[in-house]
Each structure stands twice: as structure tokens, then as C-alpha cells.
Amino acid sequence: MSGPRAADSTFFVGDIQGCCKALERLLRAARFHPDRHHLIPLGDTINRGPHNVGTLELLRSLGAEPILGNHEMAILRGLNEPKTPKWLIEQTVSHDLLRHRHCERYLDWIKGWPVYVWGDGWLAVHGGLHPCLSVEQTKPLYLATVRICDAGGQKPKDWDSASTSYPDGFKPWHQYYRGRELVVYGHWARQGLKVKKRTVGLDSGCVYGGGLTGMWYPSREIIQVSS
């Protein structure tokens with residue numbers, strides 16, 4: 001069974017989306033220990049999967065530091081609207097988390113999640129980075145949603161994220177990245193696990209039937225379990 005090396009201290013996990021059982025299997029396979037290791041889920045931790053509350057309970061018990069994903073952002077925005085949007089009513093999170101007796105406690109926790117986290121030699125973010133701006137200068141929604149952009153950081157209008165082709169002048173944000181830190185991100189299930197020298201994408205589409213993927217740092221060992 002795979003597990004952390006002696007120097008490994010941080011375990012990143014791709015988009016969990018309420019797939020608590022897969023998360024439990026992943027952490028067992030990785031031999032994660034909360035007293036020795038740091039757990040960073042890379043956003044979209046809840047919304048579409050079967051066990052949103054269970055996922056949050058598990059992560060809190062382990063002292064995890066989740067990053068805010070575009071799904072969490074959308075949930076918080078939707079709950080602030082005068083009438084709950086239809087799309088939110090149709091999500092599984094409406095059937096467990098939003099009906100839970102401790103819903104407000106969980107929502108308060110989510111509101112405090114960062115949009116990015118720095119570490120020693122790494123940067124964790126949900127979507128990606130702007131090619132021209134520092135992470136501190138970039139709007140949170142951009143950090144949580146970018147997949148492709150042009151050299152100036154503009155995202156294409158009306159691009160279907162399910163497409164495997166890109167409009168002229170646009171390419172994945174990570175092809176522009178030249179920083180020193182390793183950037184670890186999620187958000188792009190269609191792309192799947194994407195390991196490059198300076199960037200690693202860990203969203204392997206667990207909620208859509210793909211696996212749930214994690215990575216140890218600094219060894220960069222990949223751990224994956226089935227959905």
C-alpha cells in the first residue's frame with residue numbers, strides 16, 4: 001500500500017464534491033494521519049455528491065484547510081438571493097447540508113475558507129492563476145474559475161468547458177505559468193489528472209464516476225482511489 005515518505009507533510013486532494021466514502025478510502029490508502037500531516041482539499045469540496053455533511057464533518061475532524069471552490073462560492077451567493085435559485089434546489093447539497101440542524105455552523109466555516117494557500121515551495125488554488133497578475137492582485141472568482149485564457153488573462157466568452165478544443169488565441173492557464181512554486185489545483189474534471197513540472201491538476205471527476213486523487217508533498221506521490 002502506498003503512503004507518505006518521511007519528509008511528506010502535506011496531502012492535497014482534488015475535487016471531492018461530497019463523495020465522503022471515496023475520501024475515506026483515499027485517506028486510508030495514503031496513510032494520512034492528522035497529527036503528522038496537513039490536509040488541503042482543493043475546492044469544490046461539496047455540492048453534487050451524496051454525502052456533503054459527512055464530508056464536512058470528516059474534514060473538520062481532521063483539521064483540514066479547504067480552499068474555496070467555485071461551487072462553494074455559488075452556494076453562498078445563491079443563499080443570499082431573495083429566492084433560492086432553481087439550480088441550487090436541484091443540487092444534493094440542498095437535500096442534506098441546507099436542511100441540517102447545524103447548517104449555519106458549516107456555512108460559517110465555509111465562508112472563512114481561503115481562495116488560495118501558500119506553503120513552502122507550493123501554492124494551492126482551486127481553478128488557476130492569471131498569467132499577468134500576482135495571486136494577491138487577482139479576483140477570487142478568477143482564481144476559482146479559470147481554465148483557459150489568452151496571454152493577457154482574458155477568458156473566452158461562451159466556451160464550453162466540456163470541449164477538448166480551444167478558441168484561437170486561448171490555451172490552458174498553466175501553459176503560461178513560469179513561477180518557481182509548484183501550483184496545485186483542481187476544477188478541471190474534463191482535463192483529469194495533469195502532472196507537469198510546475199503545476200499539478202488533481203480533479204479527476206470523482207462525482208462523475210472518475211477517481212478521487214490526492215498528492216503528497218514534497219515527494220509528489222500521487223494516490224488515487226475509484227469513485
# chains A, B, ... in the order shown; residues from 1 in each chain; ligands from 1
call {"tool": "closest_atom_pairs", "arguments": {"of": "stretch 7-76 of chain A", "to": "stretch 127-136 of chain A", "cutoff": "9 Å", "atoms": "only C-alpha atoms", "output": "tab-separated table"}}
result
residue	atom	partner	partner_atom	distance
A:Leu42	CA	A:Gly127	CA	8.8
A:Gly43	CA	A:Gly127	CA	8.5
A:Gly69	CA	A:Gly127	CA	7.6
A:Asn70	CA	A:Gly127	CA	8.2
call {"tool": "residues_around", "arguments": {"residues": "A:Gly49", "least_positions_apart": "3", "cutoff": "6 Å", "atoms": "only C-alpha atoms", "output": "PDB file with N, CA and C atoms, in the first residue's frame"}}
result
ATOM      1  N   GLN A  17     -16.466  16.955  -3.913  1.00  0.00           N
ATOM      2  CA  GLN A  17     -17.876  17.089  -4.295  1.00  0.00           C
ATOM      3  C   GLN A  17     -18.811  16.212  -3.464  1.00  0.00           C
ATOM      4  N   GLY A  18     -18.544  16.136  -2.162  1.00  0.00           N
ATOM      5  CA  GLY A  18     -19.438  15.380  -1.306  1.00  0.00           C
ATOM      6  C   GLY A  18     -19.293  13.878  -1.389  1.00  0.00           C
ATOM      7  N   CYS A  19     -18.240  13.379  -2.006  1.00  0.00           N
ATOM      8  CA  CYS A  19     -18.007  11.929  -2.110  1.00  0.00           C
ATOM      9  C   CYS A  19     -17.207  11.472  -0.888  1.00  0.00           C
ATOM     10  N   VAL A 207     -17.071  12.680  -8.661  1.00  0.00           N
ATOM     11  CA  VAL A 207     -18.527  12.717  -8.609  1.00  0.00           C
ATOM     12  C   VAL A 207     -19.160  12.301  -9.933  1.00  0.00           C
TER      13      VAL A 207
END
call {"tool": "closest_residue", "arguments": {"among": "A:Val13, A:Ala22, A:Leu123, A:Val53", "to": "A:Leu98", "atoms": "only C-alpha atoms"}}
result
A:Val53
call {"tool": "residues_around", "arguments": {"residues": "A:Leu193", "least_positions_apart": "2", "cutoff": "6 Å", "atoms": "only C-alpha atoms", "output": "list in words"}}
result
Gly201, Leu202 and Ser204 of chain A
call {"tool": "residues_around", "arguments": {"residues": "A:Ala124", "least_positions_apart": "6", "cutoff": "6 Å", "atoms": "only C-alpha atoms", "output": "PDB file with N, CA and C atoms, in the first residue's frame"}}
result
ATOM      1  N   TYR A 116      -6.816  30.827  -1.826  1.00  0.00           N
ATOM      2  CA  TYR A 116      -5.527  30.213  -2.160  1.00  0.00           C
ATOM      3  C   TYR A 116      -4.739  30.047  -0.867  1.00  0.00           C
ATOM      4  N   VAL A 117      -3.764  29.147  -0.889  1.00  0.00           N
ATOM      5  CA  VAL A 117      -2.909  28.915   0.272  1.00  0.00           C
ATOM      6  C   VAL A 117      -1.474  28.758  -0.210  1.00  0.00           C
ATOM      7  N   VAL A 183       2.343  24.807  -8.404  1.00  0.00           N
ATOM      8  CA  VAL A 183       0.942  25.173  -8.252  1.00  0.00           C
ATOM      9  C   VAL A 183       0.098  23.901  -8.312  1.00  0.00           C
ATOM     10  N   VAL A 184      -0.683  23.673  -7.274  1.00  0.00           N
ATOM     11  CA  VAL A 184      -1.560  22.504  -7.197  1.00  0.00           C
ATOM     12  C   VAL A 184      -2.998  23.014  -7.266  1.00  0.00           C
ATOM     13  N   TYR A 185      -3.809  22.428  -8.149  1.00  0.00           N
ATOM     14  CA  TYR A 185      -5.149  22.963  -8.403  1.00  0.00           C
ATOM     15  C   TYR A 185      -6.146  21.839  -8.693  1.00  0.00           C
TER      16      TYR A 185
END
call {"tool": "select_by_dssp", "arguments": {"residues": "chain A", "states": "helix (DSSP H, G or I)", "output": "PyMOL selection string"}}
result
chain A and resi 20-30+52-61+70-79+86-89+92-94+97-99+103-111+135-137+140-145+173-175+206-208
call {"tool": "write_last_selection", "arguments": {"atoms": "C-alpha atoms", "output": "short mmCIF file (atom, residue, chain, number, x, y, z; two decimals), in the first residue's frame"}}
result
data_model
loop_
_atom_site.label_atom_id
_atom_site.label_comp_id
_atom_site.auth_asym_id
_atom_site.auth_seq_id
_atom_site.Cartn_x
_atom_site.Cartn_y
_atom_site.Cartn_z
CA CYS A 20 -17.22 11.16 1.52
CA LYS A 21 -16.75 7.40 1.12
CA ALA A 22 -14.15 7.90 -1.61
CA LEU A 23 -12.40 10.46 0.59
CA GLU A 24 -12.25 7.98 3.46
CA ARG A 25 -10.73 5.34 1.17
CA LEU A 26 -8.23 7.84 -0.24
CA LEU A 27 -7.03 8.90 3.20
CA ARG A 28 -6.65 5.28 4.27
CA ALA A 29 -4.71 4.44 1.11
CA ALA A 30 -2.45 7.44 1.67
CA ASN A 52 -21.93 16.65 1.74
CA VAL A 53 -22.42 16.85 5.51
CA GLY A 54 -20.33 13.74 6.11
CA THR A 55 -17.55 15.22 4.00
CA LEU A 56 -17.54 18.44 6.02
CA GLU A 57 -17.66 16.55 9.32
CA LEU A 58 -14.72 14.39 8.32
CA LEU A 59 -12.63 17.30 7.12
CA ARG A 60 -13.26 19.32 10.27
CA SER A 61 -12.34 16.36 12.46
CA ASN A 70 -16.48 27.93 -7.47
CA HIS A 71 -19.22 25.59 -6.24
CA GLU A 72 -18.93 26.85 -2.66
CA MET A 73 -18.87 30.42 -3.96
CA ALA A 74 -22.05 29.78 -5.97
CA ILE A 75 -23.81 28.21 -2.98
CA LEU A 76 -23.02 31.20 -0.78
CA ARG A 77 -24.19 33.62 -3.49
CA GLY A 78 -27.37 31.65 -4.09
CA LEU A 79 -28.27 31.65 -0.41
CA LYS A 86 -33.61 26.58 -9.03
CA TRP A 87 -30.13 25.25 -9.81
CA LEU A 88 -29.28 25.22 -6.10
CA ILE A 89 -32.52 23.48 -5.15
CA THR A 92 -27.71 17.34 -3.45
CA VAL A 93 -26.35 19.93 -1.03
CA SER A 94 -29.93 21.26 -0.75
CA LEU A 97 -26.44 20.30 4.22
CA LEU A 98 -29.07 23.03 3.77
CA ARG A 99 -31.56 21.02 5.84
CA CYS A 103 -26.21 24.17 8.59
CA GLU A 104 -25.29 27.69 9.71
CA ARG A 105 -22.25 26.41 11.57
CA TYR A 106 -20.99 24.68 8.43
CA LEU A 107 -21.74 27.70 6.24
CA ASP A 108 -19.82 29.96 8.62
CA TRP A 109 -16.84 27.63 8.31
CA ILE A 110 -17.06 27.63 4.51
CA LYS A 111 -17.24 31.43 4.42
CA VAL A 135 -2.28 35.82 -6.97
CA GLU A 136 -2.85 38.64 -4.47
CA GLN A 137 -3.92 41.00 -7.29
CA PRO A 140 -11.16 35.46 -6.17
CA LEU A 141 -13.71 34.41 -8.81
CA TYR A 142 -10.97 34.30 -11.44
CA LEU A 143 -8.77 32.11 -9.23
CA ALA A 144 -11.70 29.74 -8.72
CA THR A 145 -12.94 29.52 -12.31
CA TRP A 173 -3.68 28.88 -17.95
CA HIS A 174 -0.91 26.56 -16.77
CA GLN A 175 0.84 26.81 -20.13
CA CYS A 206 -14.89 11.57 -8.72
CA VAL A 207 -18.53 12.72 -8.61
CA TYR A 208 -18.86 11.90 -12.33
#
call {"tool": "atom_distance", "arguments": {"atom1": "atom CA of A:Thr164", "atom2": "atom CA of A:Trp188"}}
result
11.5 Å
call {"tool": "residues_around", "arguments": {"residues": "A:Trp113", "least_positions_apart": "6", "cutoff": "7 Å", "atoms": "only C-alpha atoms", "output": "PyMOL selection string"}}
result
chain A and resi 66-68
call {"tool": "select_by_dssp", "arguments": {"residues": "chain A", "states": "strand (DSSP E or B)", "output": "VMD selection string"}}
result
chain A and resid 10 to 13 38 to 41 116 to 119 122 to 125 148 to 149 171 to 172 182 to 185 194 to 195 199 to 201 212 to 217 222 to 225
call {"tool": "closest_residue", "arguments": {"among": "A:Tyr217, A:Lys157, A:His187, A:Ile223", "to": "A:His38", "atoms": "only C-alpha atoms"}}
result
A:Tyr217
call {"tool": "closest_residue", "arguments": {"among": "A:Asp8, A:Asp203, A:Asp44, A:Glu81", "to": "A:Pro218", "atoms": "only C-alpha atoms"}}
result
A:Asp8
call {"tool": "residues_around", "arguments": {"residues": "A:Asp150", "least_positions_apart": "5", "cutoff": "10 Å", "atoms": "only C-alpha atoms", "output": "list in words"}}
result
His130, Pro131, Lys155, Pro156, Pro167, Asp168, Gly169, Phe170, Lys171, Pro172, Trp173 and Tyr176 of chain A
call {"tool": "write_last_selection", "arguments": {"atoms": "N, CA and C atoms", "output": "PDB file, in the first residue's frame"}}
result
ATOM      1  N   HIS A 130      -3.756  33.892 -12.953  1.00  0.00           N
ATOM      2  CA  HIS A 130      -3.733  34.877 -14.034  1.00  0.00           C
ATOM      3  C   HIS A 130      -2.312  34.948 -14.585  1.00  0.00           C
ATOM      4  N   PRO A 131      -2.138  34.981 -15.907  1.00  0.00           N
ATOM      5  CA  PRO A 131      -0.779  34.986 -16.465  1.00  0.00           C
ATOM      6  C   PRO A 131      -0.008  36.277 -16.237  1.00  0.00           C
ATOM      7  N   LYS A 155     -10.541  35.452 -20.344  1.00  0.00           N
ATOM      8  CA  LYS A 155     -11.175  34.158 -20.585  1.00  0.00           C
ATOM      9  C   LYS A 155     -12.104  34.260 -21.792  1.00  0.00           C
ATOM     10  N   PRO A 156     -12.247  33.200 -22.566  1.00  0.00           N
ATOM     11  CA  PRO A 156     -13.123  33.270 -23.742  1.00  0.00           C
ATOM     12  C   PRO A 156     -14.590  33.321 -23.339  1.00  0.00           C
ATOM     13  N   PRO A 167     -10.580  27.991 -28.408  1.00  0.00           N
ATOM     14  CA  PRO A 167     -10.653  29.047 -29.426  1.00  0.00           C
ATOM     15  C   PRO A 167      -9.250  29.571 -29.755  1.00  0.00           C
ATOM     16  N   ASP A 168      -9.100  30.115 -30.925  1.00  0.00           N
ATOM     17  CA  ASP A 168      -7.814  30.680 -31.337  1.00  0.00           C
ATOM     18  C   ASP A 168      -7.355  31.737 -30.337  1.00  0.00           C
ATOM     19  N   GLY A 169      -6.095  31.666 -29.972  1.00  0.00           N
ATOM     20  CA  GLY A 169      -5.527  32.641 -29.052  1.00  0.00           C
ATOM     21  C   GLY A 169      -5.677  32.284 -27.587  1.00  0.00           C
ATOM     22  N   PHE A 170      -6.317  31.157 -27.299  1.00  0.00           N
ATOM     23  CA  PHE A 170      -6.528  30.750 -25.916  1.00  0.00           C
ATOM     24  C   PHE A 170      -5.895  29.381 -25.666  1.00  0.00           C
ATOM     25  N   LYS A 171      -5.412  29.182 -24.460  1.00  0.00           N
ATOM     26  CA  LYS A 171      -4.851  27.893 -24.066  1.00  0.00           C
ATOM     27  C   LYS A 171      -4.953  27.750 -22.546  1.00  0.00           C
ATOM     28  N   PRO A 172      -4.731  26.543 -22.015  1.00  0.00           N
ATOM     29  CA  PRO A 172      -4.825  26.360 -20.565  1.00  0.00           C
ATOM     30  C   PRO A 172      -3.912  27.330 -19.817  1.00  0.00           C
ATOM     31  N   TRP A 173      -4.425  27.871 -18.719  1.00  0.00           N
ATOM     32  CA  TRP A 173      -3.676  28.884 -17.952  1.00  0.00           C
ATOM     33  C   TRP A 173      -2.296  28.395 -17.553  1.00  0.00           C
ATOM     34  N   TYR A 176       0.996  29.132 -19.417  1.00  0.00           N
ATOM     35  CA  TYR A 176       1.648  30.440 -19.283  1.00  0.00           C
ATOM     36  C   TYR A 176       2.511  30.520 -18.019  1.00  0.00           C
TER      37      TYR A 176
END
call {"tool": "decode", "arguments": {"residues": "stretch 10-142 of chain A", "atoms": "C-alpha atoms", "output": "compact mmCIF listing (two decimals), in the first residue's frame"}}
result
# COMPACT_ATOMS: atom_id res chain seq x y z
CA THR A 10 1.06 17.94 3.16
CA PHE A 11 -1.62 15.98 1.33
CA PHE A 12 -3.62 17.74 -1.40
CA VAL A 13 -6.95 16.31 -2.58
CA GLY A 14 -8.79 17.10 -5.81
CA ASP A 15 -12.48 17.99 -6.05
CA ILE A 16 -14.35 15.83 -3.52
CA GLN A 17 -17.88 17.09 -4.30
CA GLY A 18 -19.44 15.38 -1.31
CA CYS A 19 -18.01 11.93 -2.11
CA CYS A 20 -17.22 11.16 1.52
CA LYS A 21 -16.75 7.40 1.12
CA ALA A 22 -14.15 7.90 -1.61
CA LEU A 23 -12.40 10.46 0.59
CA GLU A 24 -12.25 7.98 3.46
CA ARG A 25 -10.73 5.34 1.17
CA LEU A 26 -8.23 7.84 -0.24
CA LEU A 27 -7.03 8.90 3.20
CA ARG A 28 -6.65 5.28 4.27
CA ALA A 29 -4.71 4.44 1.11
CA ALA A 30 -2.45 7.44 1.67
CA ARG A 31 -1.99 6.59 5.36
CA PHE A 32 -2.86 10.14 6.25
CA HIS A 33 -2.50 10.98 9.95
CA PRO A 34 -3.91 14.27 11.26
CA ASP A 35 -1.28 14.55 13.99
CA ARG A 36 1.56 14.44 11.48
CA HIS A 37 0.12 15.71 8.20
CA HIS A 38 -1.65 18.74 6.76
CA LEU A 39 -4.75 18.14 4.58
CA ILE A 40 -5.69 20.63 1.85
CA PRO A 41 -8.80 19.89 -0.27
CA LEU A 42 -8.54 21.99 -3.44
CA GLY A 43 -12.10 23.33 -3.63
CA ASP A 44 -15.48 22.07 -4.82
CA THR A 45 -15.47 20.02 -1.66
CA ILE A 46 -19.27 19.83 -1.63
CA ASN A 47 -22.36 20.30 -3.81
CA ARG A 48 -23.15 17.42 -6.18
CA GLY A 49 -22.18 14.29 -4.28
CA PRO A 50 -24.13 12.01 -1.93
CA HIS A 51 -22.62 12.93 1.45
CA ASN A 52 -21.93 16.65 1.74
CA VAL A 53 -22.42 16.85 5.51
CA GLY A 54 -20.33 13.74 6.11
CA THR A 55 -17.55 15.22 4.00
CA LEU A 56 -17.54 18.44 6.02
CA GLU A 57 -17.66 16.55 9.32
CA LEU A 58 -14.72 14.39 8.32
CA LEU A 59 -12.63 17.30 7.12
CA ARG A 60 -13.26 19.32 10.27
CA SER A 61 -12.34 16.36 12.46
CA LEU A 62 -9.02 16.09 10.62
CA GLY A 63 -8.16 19.78 10.88
CA ALA A 64 -8.29 20.20 7.09
CA GLU A 65 -7.80 23.58 5.43
CA PRO A 66 -10.09 23.51 2.38
CA ILE A 67 -9.81 26.06 -0.40
CA LEU A 68 -12.91 27.86 -1.60
CA GLY A 69 -14.06 26.50 -4.96
CA ASN A 70 -16.48 27.93 -7.47
CA HIS A 71 -19.22 25.59 -6.24
CA GLU A 72 -18.93 26.85 -2.66
CA MET A 73 -18.87 30.42 -3.96
CA ALA A 74 -22.05 29.78 -5.97
CA ILE A 75 -23.81 28.21 -2.98
CA LEU A 76 -23.02 31.20 -0.78
CA ARG A 77 -24.19 33.62 -3.49
CA GLY A 78 -27.37 31.65 -4.09
CA LEU A 79 -28.27 31.65 -0.41
CA ASN A 80 -28.00 35.44 -0.38
CA GLU A 81 -30.58 35.83 -3.15
CA PRO A 82 -34.18 36.72 -2.20
CA LYS A 83 -35.37 33.39 -3.57
CA THR A 84 -33.26 30.24 -3.64
CA PRO A 85 -32.21 29.65 -7.28
CA LYS A 86 -33.61 26.58 -9.03
CA TRP A 87 -30.13 25.25 -9.81
CA LEU A 88 -29.28 25.22 -6.10
CA ILE A 89 -32.52 23.48 -5.15
CA GLU A 90 -31.59 20.71 -7.60
CA GLN A 91 -28.16 20.09 -6.05
CA THR A 92 -27.71 17.34 -3.45
CA VAL A 93 -26.35 19.93 -1.03
CA SER A 94 -29.93 21.26 -0.75
CA HIS A 95 -31.13 17.88 0.47
CA ASP A 96 -28.59 17.32 3.23
CA LEU A 97 -26.44 20.30 4.22
CA LEU A 98 -29.07 23.03 3.77
CA ARG A 99 -31.56 21.02 5.84
CA HIS A 100 -29.08 20.06 8.55
CA ARG A 101 -29.57 21.39 12.07
CA HIS A 102 -26.01 22.69 12.09
CA CYS A 103 -26.21 24.17 8.59
CA GLU A 104 -25.29 27.69 9.71
CA ARG A 105 -22.25 26.41 11.57
CA TYR A 106 -20.99 24.68 8.43
CA LEU A 107 -21.74 27.70 6.24
CA ASP A 108 -19.82 29.96 8.62
CA TRP A 109 -16.84 27.63 8.31
CA ILE A 110 -17.06 27.63 4.51
CA LYS A 111 -17.24 31.43 4.42
CA GLY A 112 -13.84 31.50 6.11
CA TRP A 113 -12.09 29.24 3.61
CA PRO A 114 -9.25 30.96 1.70
CA VAL A 115 -9.18 31.23 -2.11
CA TYR A 116 -5.53 30.21 -2.16
CA VAL A 117 -2.91 28.92 0.27
CA TRP A 118 0.86 29.35 0.16
CA GLY A 119 3.28 26.78 1.53
CA ASP A 120 7.00 26.10 1.44
CA GLY A 121 7.60 25.70 -2.28
CA TRP A 122 3.94 25.42 -3.31
CA LEU A 123 0.76 27.37 -3.97
CA ALA A 124 -2.68 25.77 -3.82
CA VAL A 125 -5.66 27.25 -5.67
CA HIS A 126 -8.94 25.87 -6.99
CA GLY A 127 -9.00 26.96 -10.63
CA GLY A 128 -5.74 28.57 -11.66
CA LEU A 129 -3.66 31.71 -11.94
CA HIS A 130 -3.73 34.88 -14.03
CA PRO A 131 -0.78 34.99 -16.46
CA CYS A 132 -0.03 38.67 -15.76
CA LEU A 133 -1.20 39.36 -12.20
CA SER A 134 0.05 38.08 -8.87
CA VAL A 135 -2.28 35.82 -6.97
CA GLU A 136 -2.85 38.64 -4.47
CA GLN A 137 -3.92 41.00 -7.29
CA THR A 138 -6.29 38.51 -8.91
CA LYS A 139 -10.02 38.49 -8.20
CA PRO A 140 -11.16 35.46 -6.17
CA LEU A 141 -13.71 34.41 -8.81
CA TYR A 142 -10.97 34.30 -11.44
